[in-house]
file model_3.txt (compact mmCIF, C-alpha atoms)
# COMPACT_ATOMS: atom_id res chain seq x y z
CA MET A 78 92.37 65.21 151.17
CA ILE A 79 95.17 64.34 148.74
CA THR A 80 95.83 60.61 148.47
CA GLU A 81 97.97 58.53 146.13
CA GLU A 82 94.75 57.56 144.31
CA ASN A 83 93.42 61.06 143.61
CA LYS A 84 96.75 62.93 143.37
CA THR A 85 96.90 63.20 139.56
CA GLU A 86 93.27 64.36 139.35
CA ILE A 87 93.81 66.98 142.08
CA ILE A 88 97.01 68.27 140.43
CA ASP A 89 95.07 68.45 137.15
CA GLN A 90 92.41 70.63 138.76
CA TYR A 91 95.03 72.72 140.56
CA LEU A 92 96.80 73.43 137.26
CA ALA A 93 93.48 74.24 135.58
CA GLY A 94 92.69 76.68 138.41
CA SER A 95 89.47 74.85 139.25
CA LEU A 96 90.30 73.44 142.68
CA SER A 97 88.24 74.32 145.76
CA ALA A 98 89.87 76.81 148.14
CA GLU A 99 90.39 74.10 150.78
CA LEU A 100 92.17 71.67 148.45
CA ARG A 101 94.15 74.45 146.82
CA HIS A 102 95.46 75.41 150.24
CA GLU A 103 96.40 71.76 150.89
CA VAL A 104 98.25 71.56 147.54
CA GLU A 105 100.14 74.79 148.23
CA GLU A 106 101.13 73.67 151.72
CA ARG A 107 102.37 70.36 150.38
CA LEU A 108 104.34 72.12 147.64
CA LYS A 109 106.28 73.87 150.39
CA THR A 110 107.22 70.71 152.28
CA ASP A 111 107.10 67.65 150.00
CA SER A 112 109.82 67.61 147.32
CA GLU A 113 108.47 64.49 145.60
CA PHE A 114 105.03 66.09 145.34
CA LYS A 115 106.63 69.27 143.95
CA ARG A 116 108.33 67.28 141.24
CA ASP A 117 105.07 65.47 140.48
CA VAL A 118 103.27 68.80 140.01
CA ALA A 119 106.11 70.19 137.89
CA ILE A 120 106.16 67.16 135.61
CA GLN A 121 102.39 67.21 135.16
CA GLN A 122 102.48 70.93 134.35
CA LYS A 123 105.27 70.41 131.82
CA VAL A 124 103.38 67.56 130.17
CA ILE A 125 100.21 69.63 129.84
CA GLN A 126 102.13 72.66 128.53
CA THR A 127 103.84 70.43 125.97
CA ILE A 128 100.52 68.98 124.76
CA GLN A 129 99.16 72.52 124.36
CA ARG A 130 102.25 73.63 122.49
CA MET A 131 102.10 70.61 120.19
CA GLY A 132 98.43 71.40 119.60
CA ARG A 133 99.27 74.99 118.66
CA GLU A 134 101.99 73.80 116.27
CA SER A 135 99.54 71.50 114.59
CA PHE A 136 96.94 74.31 114.37
CA ARG A 137 99.56 76.63 112.79
CA LYS A 138 100.17 74.05 110.07
CA GLU A 139 96.42 73.82 109.45
CA LEU A 140 96.22 77.62 109.19
CA ALA A 141 99.13 77.79 106.75
CA GLU A 142 97.50 75.15 104.53
CA LEU A 143 94.07 76.77 104.73
CA SER A 144 95.49 80.20 103.90
CA LEU A 145 96.81 78.98 100.56
CA GLY A 146 93.29 78.81 99.17
CA VAL A 147 91.87 81.90 100.88
CA GLU A 148 91.21 85.04 98.88
CA LEU A 149 91.92 88.00 101.15
CA PRO A 150 90.16 91.34 100.58
CA GLU A 151 91.88 94.56 99.51
CA ALA A 152 92.18 97.42 102.01
CA GLY A 153 88.94 99.35 102.45
CA ASN A 154 86.79 96.75 100.75
CA MET A 155 84.09 94.80 102.49
CA PRO A 156 85.22 91.28 103.29
CA MET A 157 84.60 89.05 100.31
CA MET A 158 83.30 85.59 100.93
CA ASN A 159 83.54 83.39 97.96
CA ARG A 160 80.86 81.17 99.38
CA ARG A 161 79.86 79.10 96.41
CA PRO A 162 83.12 77.14 95.98
CA LEU A 163 83.16 76.54 99.75
CA TYR A 164 79.61 75.15 99.60
CA TYR A 165 80.53 72.96 96.65
CA ALA A 166 83.54 71.68 98.56
CA ALA A 167 81.41 71.11 101.68
CA ALA A 168 78.80 69.27 99.61
CA ALA A 169 81.48 67.10 98.01
CA VAL A 170 82.94 66.29 101.43
CA ALA A 171 79.48 65.51 102.84
CA LEU A 172 78.75 63.25 99.88
CA LEU A 173 82.06 61.44 100.39
CA MET A 174 81.36 61.07 104.09
CA VAL A 175 77.88 59.61 103.42
CA ALA A 176 79.36 57.24 100.83
CA GLY A 177 82.12 56.29 103.28
CA LEU A 178 79.64 55.73 106.09
CA PHE A 179 77.44 53.61 103.81
CA TRP A 180 80.48 51.56 102.83
CA LEU A 181 81.57 51.17 106.45
CA LEU A 182 78.12 50.14 107.66
CA ASN A 183 77.81 47.58 104.92
CA LYS A 184 81.29 46.29 105.60
CA ARG A 185 80.54 45.55 109.25
CA PRO A 186 78.94 42.26 110.25
CA PRO A 187 75.17 42.89 110.35
CA THR A 188 74.83 41.98 114.02
CA GLU A 189 77.48 44.36 115.40
CA THR A 190 75.87 46.64 117.98
CA TYR A 191 78.81 48.59 119.40
CA ARG A 192 82.42 49.37 118.59
CA GLY A 193 84.66 51.47 120.86
CA TYR A 194 87.05 51.31 123.77
CA VAL A 195 87.06 50.49 127.48
CA ALA A 196 89.76 51.76 129.81
CA VAL A 197 91.75 49.22 131.80
CA ILE A 198 91.61 49.92 135.51
CA GLU A 199 94.61 48.61 137.40
CA ILE A 200 94.08 47.61 141.01
CA GLU A 201 96.50 49.51 143.25
CA HIS A 202 98.91 46.71 144.17
CA SER A 203 99.09 45.54 140.53
CA ARG A 204 100.15 48.95 139.19
CA GLY A 205 103.47 49.42 137.52
CA SER A 206 103.23 46.71 134.89
CA SER A 207 104.24 48.46 131.68
CA ASP A 208 102.59 45.87 129.41
CA VAL A 209 99.05 46.69 130.56
CA PRO A 210 97.33 48.77 127.87
CA ASP A 211 95.51 51.97 128.81
CA SER A 212 92.45 51.03 126.79
CA ILE A 213 91.19 47.97 124.97
CA PRO A 214 89.18 48.15 121.75
CA ILE A 215 85.90 46.26 122.11
CA THR A 216 83.18 45.21 119.70
CA ILE A 217 79.80 43.86 120.76
CA PHE A 218 77.85 41.47 118.55
CA LYS A 219 74.29 40.38 119.05
CA GLU A 220 74.78 36.68 118.51
CA ASP A 221 72.28 33.96 119.41
CA ASP A 222 74.61 30.97 118.96
CA TYR A 223 77.29 32.26 121.33
CA ASP A 224 75.28 34.26 123.84
CA PHE A 225 77.41 35.64 126.73
CA HIS A 226 80.71 34.60 125.13
CA TYR A 227 83.87 36.53 124.36
CA GLN A 228 86.89 36.25 122.09
CA TRP A 229 89.98 38.38 122.68
CA GLY A 230 92.69 38.89 120.11
CA ASP A 231 93.52 42.42 118.94
CA THR A 232 89.97 43.42 119.89
CA LEU A 233 87.85 42.14 122.75
CA MET A 234 84.73 40.80 121.02
CA LEU A 235 81.67 40.25 123.15
CA TYR A 236 78.77 38.15 121.94
CA GLY A 237 75.43 38.78 123.58
CA ASN A 238 73.14 41.51 124.78
CA PHE A 239 75.69 43.79 126.51
CA ALA A 240 75.23 47.48 127.30
CA PRO A 241 78.56 49.34 126.76
CA GLU A 242 77.97 51.61 129.76
CA ASP A 243 77.82 48.54 132.07
CA LEU A 244 81.29 47.32 131.03
CA SER A 245 84.75 47.90 132.40
CA VAL A 246 88.01 45.95 132.43
CA THR A 247 90.22 45.60 135.48
CA TYR A 248 93.70 44.14 135.82
CA GLU A 249 94.75 42.46 139.02
CA ASN A 250 97.43 39.87 139.82
CA GLU A 251 98.34 39.46 136.15
CA THR A 252 94.75 38.64 135.22
CA TYR A 253 92.26 40.70 133.26
CA PHE A 254 88.64 40.76 134.38
CA LEU A 255 85.63 41.94 132.45
CA GLN A 256 83.33 43.67 134.89
CA ILE A 257 79.66 43.65 133.93
CA LYS A 258 77.75 45.78 136.42
CA ASN A 259 79.13 44.36 139.71
CA ARG A 260 80.25 40.92 138.57
CA LEU A 261 83.79 40.04 137.52
CA TYR A 262 84.61 37.55 134.77
CA PRO A 263 88.26 36.56 134.13
CA ILE A 264 89.19 36.87 130.44
CA LEU A 265 92.06 35.39 128.41
CA LYS A 266 93.75 36.95 125.39
CA ASP A 267 94.05 33.75 123.36
CA HIS A 268 91.94 34.42 120.23
CA THR A 269 89.51 31.67 121.31
CA ILE A 270 85.78 31.95 121.98
CA HIS A 271 84.95 31.33 125.66
CA LEU A 272 81.81 31.44 127.76
CA LEU A 273 81.98 34.24 130.33
CA SER A 274 81.90 32.61 133.75
CA PRO A 275 82.76 34.15 137.13
CA MET B 233 77.76 84.95 109.84
CA THR B 234 77.18 86.16 113.41
CA ASP B 235 79.96 86.20 116.01
CA GLN B 236 78.08 83.59 118.00
CA LYS B 237 77.89 81.32 114.98
CA VAL B 238 81.64 81.64 114.37
CA ILE B 239 82.33 80.70 118.00
CA GLU B 240 79.94 77.74 117.76
CA LEU B 241 81.76 76.49 114.65
CA LEU B 242 85.16 76.85 116.34
CA LYS B 243 83.85 74.93 119.34
CA SER B 244 82.07 72.23 117.38
CA GLY B 245 84.95 69.76 117.13
CA ASN B 246 84.10 69.17 113.47
CA GLN B 247 87.12 69.85 111.24
CA GLN B 248 85.04 71.13 108.29
CA GLU B 249 83.14 73.56 110.51
CA LYS B 250 86.33 74.73 112.17
CA ASN B 251 87.90 75.37 108.75
CA GLN B 252 84.81 77.27 107.62
CA ALA B 253 85.03 79.54 110.69
CA VAL B 254 88.79 80.08 110.30
CA ILE B 255 88.47 81.07 106.62
CA TYR B 256 85.59 83.43 107.43
CA ILE B 257 87.49 85.14 110.28
CA GLN B 258 90.66 85.51 108.21
CA GLN B 259 88.75 87.27 105.45
CA LYS B 260 86.72 89.45 107.76
CA PHE B 261 89.64 90.44 109.97
CA PHE B 262 92.27 90.87 107.26
CA PRO B 263 91.83 94.68 106.72
CA MET B 264 92.18 95.24 110.49
CA TYR B 265 95.27 93.03 110.64
CA ARG B 266 96.82 95.00 107.78
CA SER B 267 96.15 98.32 109.51
CA ILE B 268 97.89 97.02 112.68
CA ILE B 269 100.91 95.86 110.67
CA ARG B 270 101.17 99.26 108.95
CA LYS B 271 100.67 101.19 112.17
CA ARG B 272 103.41 99.20 113.95
CA GLY B 273 105.76 99.25 110.94
CA ALA B 274 106.14 95.47 110.66
CA HIS B 275 106.76 93.46 107.51
CA ASP B 276 104.90 90.15 107.68
CA PRO B 277 105.04 88.45 104.27
CA GLU B 278 103.82 85.06 105.59
CA LYS B 279 100.97 86.60 107.64
CA ALA B 280 102.44 84.93 110.71
CA LEU B 281 100.99 87.57 113.05
CA LEU B 282 97.52 87.05 111.57
CA HIS B 283 97.81 83.29 112.03
CA GLU B 284 99.15 83.68 115.55
CA SER B 285 96.17 85.86 116.48
CA LEU B 286 93.92 83.03 115.31
CA VAL B 287 95.91 80.53 117.40
CA VAL B 288 95.30 82.67 120.51
CA LEU B 289 91.64 83.15 119.59
CA TYR B 290 91.18 79.39 119.18
CA GLN B 291 92.80 78.61 122.54
CA LYS B 292 90.62 81.19 124.27
CA VAL B 293 87.38 80.18 122.57
CA ARG B 294 87.90 76.52 123.47
CA GLN B 295 88.15 77.38 127.18
CA GLN B 296 84.89 76.42 128.87
CA LYS B 297 84.74 79.75 130.70
CA PHE B 298 85.21 81.93 127.58
CA ILE B 299 82.55 84.61 127.19
CA LEU B 300 82.69 87.13 124.36
CA THR B 301 81.70 90.50 125.79
CA GLY B 302 82.20 92.69 122.69
CA ARG B 303 82.52 92.07 118.96
CA LEU B 304 84.70 89.22 117.80
CA THR B 305 86.75 91.47 115.50
CA SER B 306 87.39 93.88 118.40
CA PHE B 307 88.66 90.99 120.52
CA LEU B 308 90.85 89.81 117.66
CA TYR B 309 92.13 93.36 117.10
CA SER B 310 93.41 93.54 120.66
CA VAL B 311 94.95 90.03 120.40
CA CYS B 312 96.72 90.87 117.14
CA ASP B 313 97.99 94.20 118.43
CA ARG B 314 99.40 92.57 121.58
CA ILE B 315 101.07 89.82 119.56
CA THR B 316 102.54 92.38 117.14
CA LEU B 317 103.89 94.61 119.92
CA THR B 318 105.35 91.66 121.84
CA TYR B 319 106.96 90.33 118.67
CA LEU B 320 108.47 93.69 117.72
CA ARG B 321 109.84 94.20 121.22
CA GLU B 322 111.71 90.87 121.07
CA ASN B 323 112.59 90.76 117.35
CA GLY B 324 113.15 92.98 114.34
CA LYS B 325 110.49 94.47 112.04
CA GLU B 326 110.87 91.54 109.65
CA VAL B 327 108.46 88.92 110.94
CA LYS B 328 109.47 85.25 110.80
CA LYS B 329 106.98 82.54 111.61
CA GLU B 330 109.63 80.39 113.33
CA ASN B 331 109.77 82.68 116.38
CA MET B 332 106.08 82.66 117.26
CA GLU B 333 105.62 80.10 120.04
CA GLU B 334 107.36 82.05 122.81
CA ILE B 335 105.47 85.22 121.81
CA THR B 336 102.13 83.44 121.97
CA GLU B 337 102.90 81.79 125.29
CA GLU B 338 103.80 85.17 126.76
CA VAL B 339 100.68 86.88 125.40
CA LEU B 340 98.40 84.06 126.57
CA ARG B 341 99.90 84.09 130.04
CA LYS B 342 100.17 87.85 130.48
CA HIS B 343 96.94 89.06 128.94
CA TYR B 344 94.51 86.15 128.75
CA GLN B 345 94.82 84.36 132.12
CA PHE B 346 96.02 81.24 130.38
CA ASP B 347 98.10 78.84 132.47
CA ASN B 348 98.29 81.56 135.07
CA LEU B 349 99.85 79.61 137.92
CA PRO B 350 103.33 80.31 139.24
CA GLU B 351 106.08 78.72 137.18
CA ILE B 352 106.88 75.49 138.96
CA ASN B 353 110.28 75.21 137.31
CA SER B 354 111.76 76.99 140.28
CA LEU B 355 110.61 74.14 142.51
CA ILE B 356 112.72 71.50 140.81
CA SER B 357 116.44 71.29 140.29
CA ILE B 358 118.16 72.58 137.16
CA ASP B 359 119.37 69.05 136.37
CA ASP B 360 115.83 67.71 136.45
CA GLN B 361 114.60 70.55 134.28
CA SER B 362 116.96 69.59 131.48
CA PHE B 363 115.24 66.20 131.26
CA LEU B 364 111.91 67.95 131.05
CA SER B 365 112.67 69.83 127.84
CA TYR B 366 109.95 70.34 125.27
CA GLU B 367 111.67 67.93 122.89
CA SER B 368 112.00 65.08 125.40
CA ILE B 369 108.36 65.33 126.51
CA ARG B 370 107.18 65.65 122.90
CA GLN B 371 108.97 62.41 122.01
CA GLU B 372 107.33 60.59 124.93
CA ILE B 373 103.90 61.89 123.91
CA GLN B 374 104.43 60.75 120.34
CA ARG B 375 105.39 57.29 121.59
CA LEU B 376 102.01 56.98 123.32
CA GLY B 377 100.16 56.46 120.05
CA SER B 378 96.40 56.28 119.66
CA PRO B 379 93.95 56.48 121.45
CA CYS B 380 96.07 57.94 124.29
CA GLN B 381 97.28 60.89 122.20
CA ASP B 382 93.74 61.58 120.96
CA ILE B 383 92.37 61.75 124.50
CA LEU B 384 95.13 63.99 125.82
CA PHE B 385 94.94 66.43 122.88
CA ALA B 386 91.15 66.52 123.04
CA TYR B 387 91.20 67.24 126.76
CA TYR B 388 94.19 69.55 127.19
CA PHE B 389 94.42 71.36 123.85
CA HIS B 390 90.90 71.37 122.40
CA GLN B 391 89.46 71.43 125.95
CA VAL B 392 86.70 68.99 125.14
CA ARG B 393 84.68 67.69 128.10
CA ILE B 394 85.21 64.06 129.12
CA LYS B 395 81.60 63.18 128.23
CA GLU B 396 82.10 64.44 124.66
CA ILE B 397 85.49 62.70 124.41
CA ALA B 398 83.81 59.43 125.41
CA ASP B 399 81.19 59.96 122.68
CA GLU B 400 83.63 61.09 119.98
CA LEU B 401 86.32 58.47 120.58
CA GLY B 402 83.84 55.70 121.22
CA TYR B 403 84.52 54.96 124.88
CA ALA B 404 81.96 52.74 126.55
CA SER B 405 81.19 55.36 129.20
CA GLU B 406 82.27 58.72 130.56
CA ASN B 407 84.00 56.93 133.43
CA SER B 408 85.91 54.70 131.03
CA ALA B 409 87.22 57.73 129.10
CA LYS B 410 88.15 59.42 132.39
CA GLN B 411 90.07 56.34 133.52
CA ALA B 412 91.83 56.13 130.15
CA LYS B 413 92.88 59.78 130.33
CA PHE B 414 94.15 59.27 133.86
CA LYS B 415 96.17 56.22 132.81
CA CYS B 416 97.70 57.96 129.79
CA LEU B 417 98.79 60.89 131.94
CA GLU B 418 100.13 58.56 134.64
CA ARG B 419 102.11 56.65 132.01
CA LEU B 420 103.67 59.87 130.71
CA LYS B 421 104.56 61.03 134.20
CA LYS B 422 106.13 57.68 134.98
CA GLN B 423 108.24 57.89 131.81
CA MET B 424 109.34 61.42 132.64
CA ASN B 425 110.24 60.35 136.19
CA ALA B 426 112.29 57.49 134.78
CA LEU B 427 114.19 59.94 132.57
CA ILE B 428 115.05 62.12 135.54
CA GLN B 429 116.21 59.23 137.77
call {"tool": "encode", "arguments": {"input": "model_3.txt", "output": "structure tokens"}}
result
Amino acid sequence: MITEENKTEIIDQYLAGSLSAELRHEVEERLKTDSEFKRDVAIQQKVIQTIQRMGRESFRKELAELSLGVELPEAGNMPMMNRRPLYYAAAAVALLMVAGLFWLLNKRPPTETYRGYVAVIEIEHSRGSSDVPDSIPITIFKEDDYDFHYQWGDTLMLYGNFAPEDLSVTYENETYFLQIKNRLYPILKDHTIHLLSP
Amino acid sequence: MTDQKVIELLKSGNQQEKNQAVIYIQQKFFPMYRSIIRKRGAHDPEKALLHESLVVLYQKVRQQKFILTGRLTSFLYSVCDRITLTYLRENGKEVKKENMEEITEEVLRKHYQFDNLPEINSLISIDDQSFLSYESIRQEIQRLGSPCQDILFAYYFHQVRIKEIADELGYASENSAKQAKFKCLERLKKQMNALIQ
């Protein structure tokens, strides 16, 4: 059944042609009677089409740049692959990547265990606040002195033995909560180290 | 390189591997492309029709349900011929790369079951449609910034699965990446709705 909560996901699947027959029927019936829903579907389709078109434009630019260095074969000849320069280039890139990775790893604090993002889940009645970010960058440090603490400035830094897959952030009544498994801990964006407490 | 290997490289998500596959295909397919251009009497100094065939190939290969039933060059031959014929029907023999997007959209929709649903434009008013122009939506997407743009392009253009997006973009979990994608899309829709109202 289509609800306000699952509407975007269902429209997504409808537009991808991967909806079950039952839900597809429900979408098509609603398209006939609900003008707001129709507009919602149309906007989502336009957005997806635009992303795909922008992607193609970007790919065309890549192709044009790549073609500048490609030697194309004469008619009737077997395709020529000038492999050696490509391998040299690939080796040089790989070497640079290894050097870059080495530099990055050495640049990080030695106790960092994870760096990535968590999505911010907005509770239904709190939705609509435009200042709430979609995702928050997080970094986890294994730190004995500040076990189970956090500090939130540009990045949410967690100190302790956290598993990234157990974490999520929710926003409700103008307060952010770090959810670890099933427990909620309010968090403040004030650049200060705090103990996580429910 | 086998056809399967080329497809694997195109699907890998690694820019270097993708480039390697694209260069290989261009070289291998070039004599066929030239024979199509000669046969159809087109003049394509910038190889725009060759590039456009690769754009269609890439979009098709990235679809999860894509299965290659014959040889890759045979598939590409039919793509390139369709693009060339569609282009020549709408334009002159002198090929210009500026006019390619509409041709590709038509070929993808007509021949490759891409975005095959009924055009929903007819369901909304003409006034609303003008706010939903390519340019206005593109500007809103560009305003999103990273990581929102990265997620949406990975999911809708490169057709990467959410699990892989979570791994590649460093999301804490698959669910977190899914929530982020949902929020980015919701934000865009809200902005588009605000433009209309």
call {"tool": "interface_residues", "arguments": {"input": "model_3.txt", "of": "chain B", "to": "chain A", "cutoff": "7 Å", "atoms": "all atoms listed in the file", "output": "JSON, numbers by chain"}}
result
{"B": [255, 259, 260, 262, 263, 283, 287, 349, 352, 353, 355, 356, 366, 369, 370, 385, 388, 389, 402, 403, 404, 405, 408, 409, 411, 412, 415, 416, 421]}
call {"tool": "residues_around", "arguments": {"input": "model_3.txt", "residues": "range 235-249 of chain B", "least_positions_apart": "5", "cutoff": "8 Å", "atoms": "all atoms listed in the file", "output": "PDB file with C-alpha atoms, in the coordinates of the input"}}
result
ATOM      1  CA  ALA A 167      81.410  71.110 101.680  1.00  0.00           C
TER       2      ALA A 167
ATOM      3  CA  VAL B 254      88.790  80.080 110.300  1.00  0.00           C
ATOM      4  CA  ILE B 257      87.490  85.140 110.280  1.00  0.00           C
ATOM      5  CA  TYR B 290      91.180  79.390 119.180  1.00  0.00           C
ATOM      6  CA  VAL B 293      87.380  80.180 122.570  1.00  0.00           C
ATOM      7  CA  ARG B 294      87.900  76.520 123.470  1.00  0.00           C
ATOM      8  CA  ARG B 303      82.520  92.070 118.960  1.00  0.00           C
ATOM      9  CA  LEU B 304      84.700  89.220 117.800  1.00  0.00           C
TER      10      LEU B 304
END
call {"tool": "residues_around", "arguments": {"input": "model_3.txt", "residues": "Ile269 in chain B", "least_positions_apart": "4", "cutoff": "10 Å", "atoms": "all atoms listed in the file", "output": "PyMOL selection string"}}
result
chain B and resi 263-265+273-276+279+281-282+312-313+316-317+325
call {"tool": "atom_distance", "arguments": {"input": "model_3.txt", "atom1": "CA of Thr188 in chain A", "atom2": "CA of Lys219 in chain A"}}
result
5.3 Å
call {"tool": "atom_distance", "arguments": {"input": "model_3.txt", "atom1": "CA of Ala280 in chain B", "atom2": "CA of Lys328 in chain B"}}
result
7.0 Å
call {"tool": "residues_around", "arguments": {"input": "model_3.txt", "residues": "Met234 in chain A", "least_positions_apart": "4", "cutoff": "10 Å", "atoms": "only C-alpha atoms", "output": "PDB file with C-alpha atoms, keeping the file's coordinate frame"}}
result
ATOM      1  CA  GLU A 189      77.480  44.360 115.400  1.00  0.00           C
ATOM      2  CA  TYR A 191      78.810  48.590 119.400  1.00  0.00           C
ATOM      3  CA  ARG A 192      82.420  49.370 118.590  1.00  0.00           C
ATOM      4  CA  PRO A 214      89.180  48.150 121.750  1.00  0.00           C
ATOM      5  CA  ILE A 215      85.900  46.260 122.110  1.00  0.00           C
ATOM      6  CA  THR A 216      83.180  45.210 119.700  1.00  0.00           C
ATOM      7  CA  ILE A 217      79.800  43.860 120.760  1.00  0.00           C
ATOM      8  CA  PHE A 218      77.850  41.470 118.550  1.00  0.00           C
ATOM      9  CA  HIS A 226      80.710  34.600 125.130  1.00  0.00           C
ATOM     10  CA  TYR A 227      83.870  36.530 124.360  1.00  0.00           C
ATOM     11  CA  GLN A 228      86.890  36.250 122.090  1.00  0.00           C
ATOM     12  CA  TRP A 229      89.980  38.380 122.680  1.00  0.00           C
ATOM     13  CA  GLY A 230      92.690  38.890 120.110  1.00  0.00           C
ATOM     14  CA  HIS A 268      91.940  34.420 120.230  1.00  0.00           C
ATOM     15  CA  ILE A 270      85.780  31.950 121.980  1.00  0.00           C
TER      16      ILE A 270
END
call {"tool": "atom_distance", "arguments": {"input": "model_3.txt", "atom1": "CA of Gln295 in chain B", "atom2": "CA of Asn425 in chain B"}}
result
29.3 Å
call {"tool": "closest_residue", "arguments": {"input": "model_3.txt", "among": "A:Leu272, A:Ile200, A:Leu265, A:Val175", "to": "Glu249 in chain A", "atoms": "all atoms listed in the file"}}
result
A:Ile200
call {"tool": "residues_near_point", "arguments": {"input": "model_3.txt", "point": "(102.8, 86.1, 117.5)", "cutoff": "6 Å", "atoms": "all atoms listed in the file", "output": "PyMOL selection string"}}
result
chain B and resi 281+284+315+332+335-336
call {"tool": "residues_around", "arguments": {"input": "model_3.txt", "residues": "Leu100 in chain A", "least_positions_apart": "5", "cutoff": "9 Å", "atoms": "all atoms listed in the file", "output": "list in words"}}
result
Met78, Ile79, Ile87, Tyr91 and Glu105 of chain A
call {"tool": "write_last_selection", "arguments": {"input": "model_3.txt", "atoms": "C-alpha atoms", "output": "PDB file, keeping the file's coordinate frame"}}
result
ATOM      1  CA  MET A  78      92.370  65.210 151.170  1.00  0.00           C
ATOM      2  CA  ILE A  79      95.170  64.340 148.740  1.00  0.00           C
ATOM      3  CA  ILE A  87      93.810  66.980 142.080  1.00  0.00           C
ATOM      4  CA  TYR A  91      95.030  72.720 140.560  1.00  0.00           C
ATOM      5  CA  GLU A 105     100.140  74.790 148.230  1.00  0.00           C
TER       6      GLU A 105
END
call {"tool": "residues_near_point", "arguments": {"input": "model_3.txt", "point": "(82.8, 36.1, 138.5)", "cutoff": "6 Å", "atoms": "only C-alpha atoms", "output": "VMD selection string"}}
result
chain A and resid 260 to 262 274 to 275
call {"tool": "closest_residue", "arguments": {"input": "model_3.txt", "among": "B:Ser306, B:Thr234, B:Thr318, B:Asn251", "to": "Glu142 in chain A", "atoms": "all atoms listed in the file"}}
result
B:Asn251
call {"tool": "build_atoms", "arguments": {"input": "model_3.txt", "residues": "range 289-302 of chain B", "atoms": "N, CA and C atoms", "output": "mmCIF file, keeping the file's coordinate frame"}}
result
data_model
loop_
_atom_site.group_PDB
_atom_site.id
_atom_site.type_symbol
_atom_site.label_atom_id
_atom_site.label_comp_id
_atom_site.auth_asym_id
_atom_site.auth_seq_id
_atom_site.Cartn_x
_atom_site.Cartn_y
_atom_site.Cartn_z
ATOM 1 N N LEU B 289 93.111 83.135 119.580
ATOM 2 C CA LEU B 289 91.640 83.150 119.590
ATOM 3 C C LEU B 289 91.106 81.736 119.812
ATOM 4 N N TYR B 290 91.663 80.770 119.080
ATOM 5 C CA TYR B 290 91.180 79.390 119.180
ATOM 6 C C TYR B 290 91.363 78.851 120.608
ATOM 7 N N GLN B 291 92.545 79.094 121.178
ATOM 8 C CA GLN B 291 92.800 78.610 122.540
ATOM 9 C C GLN B 291 91.822 79.229 123.529
ATOM 10 N N LYS B 292 91.535 80.512 123.352
ATOM 11 C CA LYS B 292 90.620 81.190 124.270
ATOM 12 C C LYS B 292 89.188 80.688 124.101
ATOM 13 N N VAL B 293 88.764 80.584 122.846
ATOM 14 C CA VAL B 293 87.380 80.180 122.570
ATOM 15 C C VAL B 293 87.107 78.777 123.115
ATOM 16 N N ARG B 294 88.122 77.895 123.037
ATOM 17 C CA ARG B 294 87.900 76.520 123.470
ATOM 18 C C ARG B 294 87.824 76.400 124.995
ATOM 19 N N GLN B 295 88.256 77.433 125.716
ATOM 20 C CA GLN B 295 88.150 77.380 127.180
ATOM 21 C C GLN B 295 86.681 77.416 127.570
ATOM 22 N N GLN B 296 86.312 76.534 128.487
ATOM 23 C CA GLN B 296 84.890 76.420 128.870
ATOM 24 C C GLN B 296 84.357 77.759 129.410
ATOM 25 N N LYS B 297 85.244 78.525 130.055
ATOM 26 C CA LYS B 297 84.740 79.750 130.700
ATOM 27 C C LYS B 297 84.767 80.966 129.767
ATOM 28 N N PHE B 298 85.104 80.779 128.488
ATOM 29 C CA PHE B 298 85.210 81.930 127.580
ATOM 30 C C PHE B 298 83.847 82.567 127.312
ATOM 31 N N ILE B 299 83.772 83.874 127.520
ATOM 32 C CA ILE B 299 82.550 84.610 127.190
ATOM 33 C C ILE B 299 82.971 85.826 126.372
ATOM 34 N N LEU B 300 82.374 85.981 125.201
ATOM 35 C CA LEU B 300 82.690 87.130 124.360
ATOM 36 C C LEU B 300 81.836 88.307 124.808
ATOM 37 N N THR B 301 82.482 89.381 125.263
ATOM 38 C CA THR B 301 81.700 90.500 125.790
ATOM 39 C C THR B 301 81.496 91.603 124.745
ATOM 40 N N GLY B 302 82.379 91.681 123.740
ATOM 41 C CA GLY B 302 82.200 92.690 122.690
ATOM 42 C C GLY B 302 82.079 92.015 121.343
#
